[in-house]
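A quick write-up on the structure given underneath.
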Amino acid sequence: MTTTNEHPVAMTIAGSEATGGAGALADIKTFQALDVSGCLSLTCIVAFDPQNDWGHRVTPIDQQTLKNQLEVNTAVYDLDAVKIGMLGSPETIRTVAQALREATPKNIVLDPVLICKGQEPGAALDTDEALKAEILPLADFVTPNHFESLSLSGMDEISTVEDLKEAARRIHEVSGAAVLAKGGVRLDGPDAIDVFYDGTTLEVLSAPKIGEVAVAGAGCSLAAAVTAELAKGRTPLEAARNAKRFVSEGIDQRITSHAPFDALRQVNQVS
């Protein structure tokens with residue numbers, strides 16, 4: 001059955017973080033806030049451990065259940081965009097890659113969770129290598145954070161805006177995708193800096209740093225906002241600019257918590 005969406009539809013392939021601050025719940029809230037309908041293929045369930053320094057407890061979804069979700073979502077909708085978040089294992093990566101190669105959605109946004117929290121180092125390395133080999137070549141847009149930018153670019157240090165520009169260029173070269181390299185609060189100075197590069201246009205996106213504690217879900221929501229904007233037909237640069245504004249407002253209106261981090265609030269921005 002082939003349909004044409006009267007309203008943009010996006011899918012997130014990600015883990016569920018129980019508090020809703022990050023992961024698939026943050027993605028779906030972001031889609032809704034930006035007037036895009038969302039569906040979900042769940043890869044794992046994550047619950048922080050408040051008795052153990054807020055560490056991650058990760059429960060993977062079995063592969064058949066994941067395949068079932070991917071099958072129905074790609075059968076029901078002509079997906080305008082897909083966001084890929086936490087996958088967590090080489091097996092899950094292979095399952096997702098196969099489904100996306102068959103479905104060929106219009107836009108694939110990769111938020112490259114390279115070191116899967118809660119994994120042993122050896123398993124994490126296997127996951128990293130599988131993600132780079134199987135998923136990165138499928139991506140149209142990549143949103144690496146500071147650590148992920150180091151890994152994907154092969155650079156030893158990213159401490160300045162010029163470093164971040166170089167990382168964005170290198171990641172585009174290896175992926176062919178548009179890149180929004182997230183410096184965020186990692187770089188010194190009063191502003192949170194991200195760099196967009198698509199092989200032609202390089203633009204520094206800047207907004208004042210807000211607050212004194214970390215904000216969960218900022219990276220997830222930025223990638224989800226890019227996904228939503230691409231689903232609505234925005235260009236990659238327009239999507240990056242709009243996503244940066246969305247996240248800055250969400251940080252400004254953050255939800256405080258008893259954890260050592262606050263949560264981004266997805267503020268309605270229907271346009």
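Following the order of the structure tokens, first chain is A, next is B, and so on, with residues numbered from 1 inside each chain and ligands from 1 in the order they appear.
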Out of range 98-254 of chain A, which residues get helix (DSSP H, G or I) from DSSP, as a PyMOL selection string?
chain A and resi 98-103+121-138+146-153+161-175+218-231+236-252
Go ahead and dump the residues you just picked, C-alpha atoms, as an mmCIF file, in the first residue's frame.
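Final output, part.cif:
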data_model
loop_
_atom_site.group_PDB
_atom_site.id
_atom_site.type_symbol
_atom_site.label_atom_id
_atom_site.label_comp_id
_atom_site.auth_asym_id
_atom_site.auth_seq_id
_atom_site.Cartn_x
_atom_site.Cartn_y
_atom_site.Cartn_z
ATOM 1 C CA GLN A 98 18.535 -3.661 6.882
ATOM 2 C CA ALA A 99 15.109 -2.143 7.517
ATOM 3 C CA LEU A 100 16.222 1.310 6.381
ATOM 4 C CA ARG A 101 17.892 -0.013 3.245
ATOM 5 C CA GLU A 102 14.579 -1.642 2.318
ATOM 6 C CA ALA A 103 12.314 1.278 3.300
ATOM 7 C CA PRO A 121 34.404 -1.360 26.911
ATOM 8 C CA GLY A 122 34.807 -4.280 24.475
ATOM 9 C CA ALA A 123 31.107 -4.406 23.667
ATOM 10 C CA ALA A 124 31.028 -0.637 23.323
ATOM 11 C CA LEU A 125 33.868 -0.738 20.782
ATOM 12 C CA ASP A 126 32.070 -3.419 18.749
ATOM 13 C CA THR A 127 28.947 -1.244 18.748
ATOM 14 C CA ASP A 128 30.928 1.805 17.669
ATOM 15 C CA GLU A 129 32.514 0.003 14.738
ATOM 16 C CA ALA A 130 29.193 -1.488 13.606
ATOM 17 C CA LEU A 131 27.521 1.928 13.750
ATOM 18 C CA LYS A 132 30.232 3.497 11.596
ATOM 19 C CA ALA A 133 30.114 0.648 9.080
ATOM 20 C CA GLU A 134 26.362 0.009 8.835
ATOM 21 C CA ILE A 135 24.476 3.186 9.789
ATOM 22 C CA LEU A 136 26.752 6.141 9.048
ATOM 23 C CA PRO A 137 26.741 5.497 5.260
ATOM 24 C CA LEU A 138 22.914 5.629 5.270
ATOM 25 C CA HIS A 146 31.821 16.615 21.417
ATOM 26 C CA PHE A 147 33.024 13.080 22.134
ATOM 27 C CA GLU A 148 31.409 11.651 19.014
ATOM 28 C CA SER A 149 32.940 14.404 16.891
ATOM 29 C CA LEU A 150 36.375 13.422 18.185
ATOM 30 C CA SER A 151 35.767 9.787 17.297
ATOM 31 C CA LEU A 152 34.259 10.352 13.858
ATOM 32 C CA SER A 153 36.773 13.008 12.809
ATOM 33 C CA VAL A 161 35.477 26.863 17.318
ATOM 34 C CA GLU A 162 38.105 26.368 14.622
ATOM 35 C CA ASP A 163 38.638 22.809 15.861
ATOM 36 C CA LEU A 164 34.894 22.198 15.699
ATOM 37 C CA LYS A 165 34.777 23.530 12.132
ATOM 38 C CA GLU A 166 37.543 21.143 11.135
ATOM 39 C CA ALA A 167 35.732 18.250 12.810
ATOM 40 C CA ALA A 168 32.538 19.052 10.903
ATOM 41 C CA ARG A 169 34.470 19.120 7.621
ATOM 42 C CA ARG A 170 36.149 15.786 8.328
ATOM 43 C CA ILE A 171 32.906 14.090 9.372
ATOM 44 C CA HIS A 172 31.245 15.276 6.172
ATOM 45 C CA GLU A 173 34.145 13.863 4.176
ATOM 46 C CA VAL A 174 33.798 10.386 5.718
ATOM 47 C CA SER A 175 29.985 10.301 5.712
ATOM 48 C CA ALA A 218 19.403 18.540 24.708
ATOM 49 C CA GLY A 219 21.271 16.420 22.185
ATOM 50 C CA CYS A 220 18.350 14.056 21.573
ATOM 51 C CA SER A 221 15.961 16.957 21.108
ATOM 52 C CA LEU A 222 18.326 18.807 18.764
ATOM 53 C CA ALA A 223 18.546 15.787 16.457
ATOM 54 C CA ALA A 224 14.795 15.194 16.727
ATOM 55 C CA ALA A 225 14.126 18.839 15.865
ATOM 56 C CA VAL A 226 16.372 18.549 12.795
ATOM 57 C CA THR A 227 14.394 15.435 11.848
ATOM 58 C CA ALA A 228 11.059 17.201 12.249
ATOM 59 C CA GLU A 229 12.177 20.203 10.236
ATOM 60 C CA LEU A 230 13.487 18.024 7.408
ATOM 61 C CA ALA A 231 10.189 16.130 7.454
ATOM 62 C CA PRO A 236 19.410 21.017 6.060
ATOM 63 C CA LEU A 237 20.683 24.493 7.013
ATOM 64 C CA GLU A 238 17.181 25.735 7.827
ATOM 65 C CA ALA A 239 16.618 22.592 9.885
ATOM 66 C CA ALA A 240 19.841 23.171 11.815
ATOM 67 C CA ARG A 241 19.018 26.815 12.548
ATOM 68 C CA ASN A 242 15.460 26.035 13.664
ATOM 69 C CA ALA A 243 16.614 23.111 15.807
ATOM 70 C CA LYS A 244 19.191 25.290 17.555
ATOM 71 C CA ARG A 245 16.504 27.848 18.432
ATOM 72 C CA PHE A 246 14.148 25.106 19.619
ATOM 73 C CA VAL A 247 16.725 23.591 21.959
ATOM 74 C CA SER A 248 17.864 26.958 23.310
ATOM 75 C CA GLU A 249 14.283 27.774 24.285
ATOM 76 C CA GLY A 250 13.826 24.317 25.776
ATOM 77 C CA ILE A 251 16.928 24.745 27.919
ATOM 78 C CA ASP A 252 15.723 28.165 29.027
#
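For the choices A:Val82, A:Pro90, A:Val142, A:Phe48, the atom-to-atom distance to Thr19 in chain A is smallest for A:Phe48 when using only C-alpha atoms.
Checking A:Ala75, A:Ala216, A:Val267, A:Ala207 one by one against Ala22 in chain A, counting only C-alpha atoms, you find the shortest gap at A:Ala216.
With only C-alpha atoms as the atoms that count, the residue of A:Thr143, A:Ser16, A:Thr92, A:Asn107 with the shortest distance to Ile45 in chain A is A:Ser16.
Of the listed residues A:Ala97, A:Thr59, A:Val9, A:Ala181, the one whose atoms come nearest to Val76 in chain A is A:Val9, with distances taken using only C-alpha atoms.
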Computed interatomic separation between CA of Leu70 in chain A and CA of Glu91 in chain A (Å)
14.4 Å
Determine which residues of range 48-201 of chain A DSSP labels as strand (DSSP E or B) from the backbone of this structure, then write them out as number ranges by chain.
A: 48-49, 55-60, 81-84, 108-110, 141-142, 178-184, 191-197
Selected residues written out, N, CA and C atoms, as a PDB file, in the first residue's frame:
ATOM      1  N   PHE A  48      17.660   5.236  34.952  1.00  0.00           N
ATOM      2  CA  PHE A  48      18.748   5.651  35.827  1.00  0.00           C
ATOM      3  C   PHE A  48      18.642   4.925  37.166  1.00  0.00           C
ATOM      4  N   ASP A  49      19.778   4.765  37.832  1.00  0.00           N
ATOM      5  CA  ASP A  49      19.816   4.132  39.155  1.00  0.00           C
ATOM      6  C   ASP A  49      20.129   5.193  40.204  1.00  0.00           C
ATOM      7  N   GLY A  55      23.653   5.963  37.593  1.00  0.00           N
ATOM      8  CA  GLY A  55      24.144   5.190  36.456  1.00  0.00           C
ATOM      9  C   GLY A  55      23.007   4.650  35.606  1.00  0.00           C
ATOM     10  N   HIS A  56      23.349   4.144  34.433  1.00  0.00           N
ATOM     11  CA  HIS A  56      22.349   3.661  33.476  1.00  0.00           C
ATOM     12  C   HIS A  56      22.102   2.160  33.657  1.00  0.00           C
ATOM     13  N   ARG A  57      20.841   1.780  33.724  1.00  0.00           N
ATOM     14  CA  ARG A  57      20.438   0.378  33.681  1.00  0.00           C
ATOM     15  C   ARG A  57      19.729   0.165  32.348  1.00  0.00           C
ATOM     16  N   VAL A  58      20.305  -0.678  31.500  1.00  0.00           N
ATOM     17  CA  VAL A  58      19.838  -0.821  30.123  1.00  0.00           C
ATOM     18  C   VAL A  58      19.253  -2.221  29.906  1.00  0.00           C
ATOM     19  N   THR A  59      18.026  -2.260  29.393  1.00  0.00           N
ATOM     20  CA  THR A  59      17.377  -3.518  29.029  1.00  0.00           C
ATOM     21  C   THR A  59      17.133  -3.520  27.529  1.00  0.00           C
ATOM     22  N   PRO A  60      17.830  -4.357  26.765  1.00  0.00           N
ATOM     23  CA  PRO A  60      17.634  -4.368  25.307  1.00  0.00           C
ATOM     24  C   PRO A  60      16.270  -4.949  24.928  1.00  0.00           C
ATOM     25  N   ALA A  81      10.867  11.414   7.431  1.00  0.00           N
ATOM     26  CA  ALA A  81      12.185  11.465   8.054  1.00  0.00           C
ATOM     27  C   ALA A  81      12.268  10.409   9.145  1.00  0.00           C
ATOM     28  N   VAL A  82      13.494   9.969   9.404  1.00  0.00           N
ATOM     29  CA  VAL A  82      13.770   9.005  10.473  1.00  0.00           C
ATOM     30  C   VAL A  82      14.920   9.535  11.300  1.00  0.00           C
ATOM     31  N   LYS A  83      14.756   9.473  12.620  1.00  0.00           N
ATOM     32  CA  LYS A  83      15.857   9.805  13.525  1.00  0.00           C
ATOM     33  C   LYS A  83      16.357   8.538  14.187  1.00  0.00           C
ATOM     34  N   ILE A  84      17.671   8.337  14.181  1.00  0.00           N
ATOM     35  CA  ILE A  84      18.284   7.185  14.829  1.00  0.00           C
ATOM     36  C   ILE A  84      19.029   7.655  16.061  1.00  0.00           C
ATOM     37  N   ILE A 108      17.280  10.590   6.647  1.00  0.00           N
ATOM     38  CA  ILE A 108      17.753   9.813   7.797  1.00  0.00           C
ATOM     39  C   ILE A 108      18.707  10.686   8.594  1.00  0.00           C
ATOM     40  N   VAL A 109      18.360  10.922   9.858  1.00  0.00           N
ATOM     41  CA  VAL A 109      19.171  11.734  10.769  1.00  0.00           C
ATOM     42  C   VAL A 109      19.783  10.807  11.808  1.00  0.00           C
ATOM     43  N   LEU A 110      21.093  10.816  11.892  1.00  0.00           N
ATOM     44  CA  LEU A 110      21.810   9.968  12.848  1.00  0.00           C
ATOM     45  C   LEU A 110      22.350  10.803  13.992  1.00  0.00           C
ATOM     46  N   PHE A 141      22.050  13.239   7.477  1.00  0.00           N
ATOM     47  CA  PHE A 141      22.360  14.327   8.413  1.00  0.00           C
ATOM     48  C   PHE A 141      22.874  13.662   9.691  1.00  0.00           C
ATOM     49  N   VAL A 142      23.991  14.173  10.230  1.00  0.00           N
ATOM     50  CA  VAL A 142      24.611  13.597  11.422  1.00  0.00           C
ATOM     51  C   VAL A 142      24.776  14.686  12.473  1.00  0.00           C
ATOM     52  N   ALA A 178      25.201  15.932   5.681  1.00  0.00           N
ATOM     53  CA  ALA A 178      25.251  17.226   6.359  1.00  0.00           C
ATOM     54  C   ALA A 178      25.580  16.963   7.825  1.00  0.00           C
ATOM     55  N   VAL A 179      26.343  17.856   8.441  1.00  0.00           N
ATOM     56  CA  VAL A 179      26.826  17.645   9.804  1.00  0.00           C
ATOM     57  C   VAL A 179      26.459  18.849  10.662  1.00  0.00           C
ATOM     58  N   LEU A 180      25.939  18.575  11.847  1.00  0.00           N
ATOM     59  CA  LEU A 180      25.799  19.600  12.874  1.00  0.00           C
ATOM     60  C   LEU A 180      26.595  19.117  14.074  1.00  0.00           C
ATOM     61  N   ALA A 181      27.856  19.578  14.146  1.00  0.00           N
ATOM     62  CA  ALA A 181      28.760  19.167  15.216  1.00  0.00           C
ATOM     63  C   ALA A 181      28.455  19.999  16.454  1.00  0.00           C
ATOM     64  N   LYS A 182      28.098  19.313  17.539  1.00  0.00           N
ATOM     65  CA  LYS A 182      27.606  19.995  18.728  1.00  0.00           C
ATOM     66  C   LYS A 182      28.758  20.261  19.709  1.00  0.00           C
ATOM     67  N   GLY A 183      29.169  21.522  19.762  1.00  0.00           N
ATOM     68  CA  GLY A 183      30.135  21.911  20.778  1.00  0.00           C
ATOM     69  C   GLY A 183      29.432  22.151  22.096  1.00  0.00           C
ATOM     70  N   GLY A 184      28.231  22.732  21.994  1.00  0.00           N
ATOM     71  CA  GLY A 184      27.414  22.974  23.184  1.00  0.00           C
ATOM     72  C   GLY A 184      28.159  23.755  24.226  1.00  0.00           C
ATOM     73  N   ASP A 191      29.018  31.379  25.104  1.00  0.00           N
ATOM     74  CA  ASP A 191      28.017  30.853  24.174  1.00  0.00           C
ATOM     75  C   ASP A 191      28.154  29.350  23.963  1.00  0.00           C
ATOM     76  N   ALA A 192      27.009  28.717  23.724  1.00  0.00           N
ATOM     77  CA  ALA A 192      26.967  27.320  23.300  1.00  0.00           C
ATOM     78  C   ALA A 192      27.082  27.306  21.777  1.00  0.00           C
ATOM     79  N   ILE A 193      28.123  26.655  21.277  1.00  0.00           N
ATOM     80  CA  ILE A 193      28.478  26.724  19.857  1.00  0.00           C
ATOM     81  C   ILE A 193      28.266  25.369  19.182  1.00  0.00           C
ATOM     82  N   ASP A 194      27.593  25.384  18.036  1.00  0.00           N
ATOM     83  CA  ASP A 194      27.497  24.231  17.153  1.00  0.00           C
ATOM     84  C   ASP A 194      27.938  24.677  15.760  1.00  0.00           C
ATOM     85  N   VAL A 195      28.412  23.734  14.955  1.00  0.00           N
ATOM     86  CA  VAL A 195      28.874  24.063  13.607  1.00  0.00           C
ATOM     87  C   VAL A 195      28.152  23.189  12.585  1.00  0.00           C
ATOM     88  N   PHE A 196      27.545  23.844  11.585  1.00  0.00           N
ATOM     89  CA  PHE A 196      26.893  23.156  10.475  1.00  0.00           C
ATOM     90  C   PHE A 196      27.816  23.157   9.262  1.00  0.00           C
ATOM     91  N   TYR A 197      27.888  21.992   8.588  1.00  0.00           N
ATOM     92  CA  TYR A 197      28.642  21.920   7.335  1.00  0.00           C
ATOM     93  C   TYR A 197      28.034  20.842   6.451  1.00  0.00           C
TER      94      TYR A 197
END
Got a sec: who's within 12 Å of Thr43 in chain A, counting only C-alpha atoms, leaving out chain neighbours fewer than 2 positions off, as an NGL selection string?
:A and (12-17 or 23-24 or 40-41 or 45-46 or 58-70 or 84-93 or 95-96)
Could you name the residues that touch Phe261 in chain A at 7 Å or less, counting only C-alpha atoms, but leaving out those on the same chain fewer than 6 positions away, as number ranges by chain?
A: 213-216
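Remark: for Gln266 in chain A, the closest of the candidate residues A:Ala26, A:Ala10, A:Leu187, A:Ala18 is A:Ala26 (distances computed over only C-alpha atoms).
CA of Ile255 in chain A sits 11.8 Å away from CA of Gly211 in chain A.
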Just give me the gap between CA of Lys29 in chain A and CA of Pro8 in chain A in Å, one decimal is fine.
14.8 Å
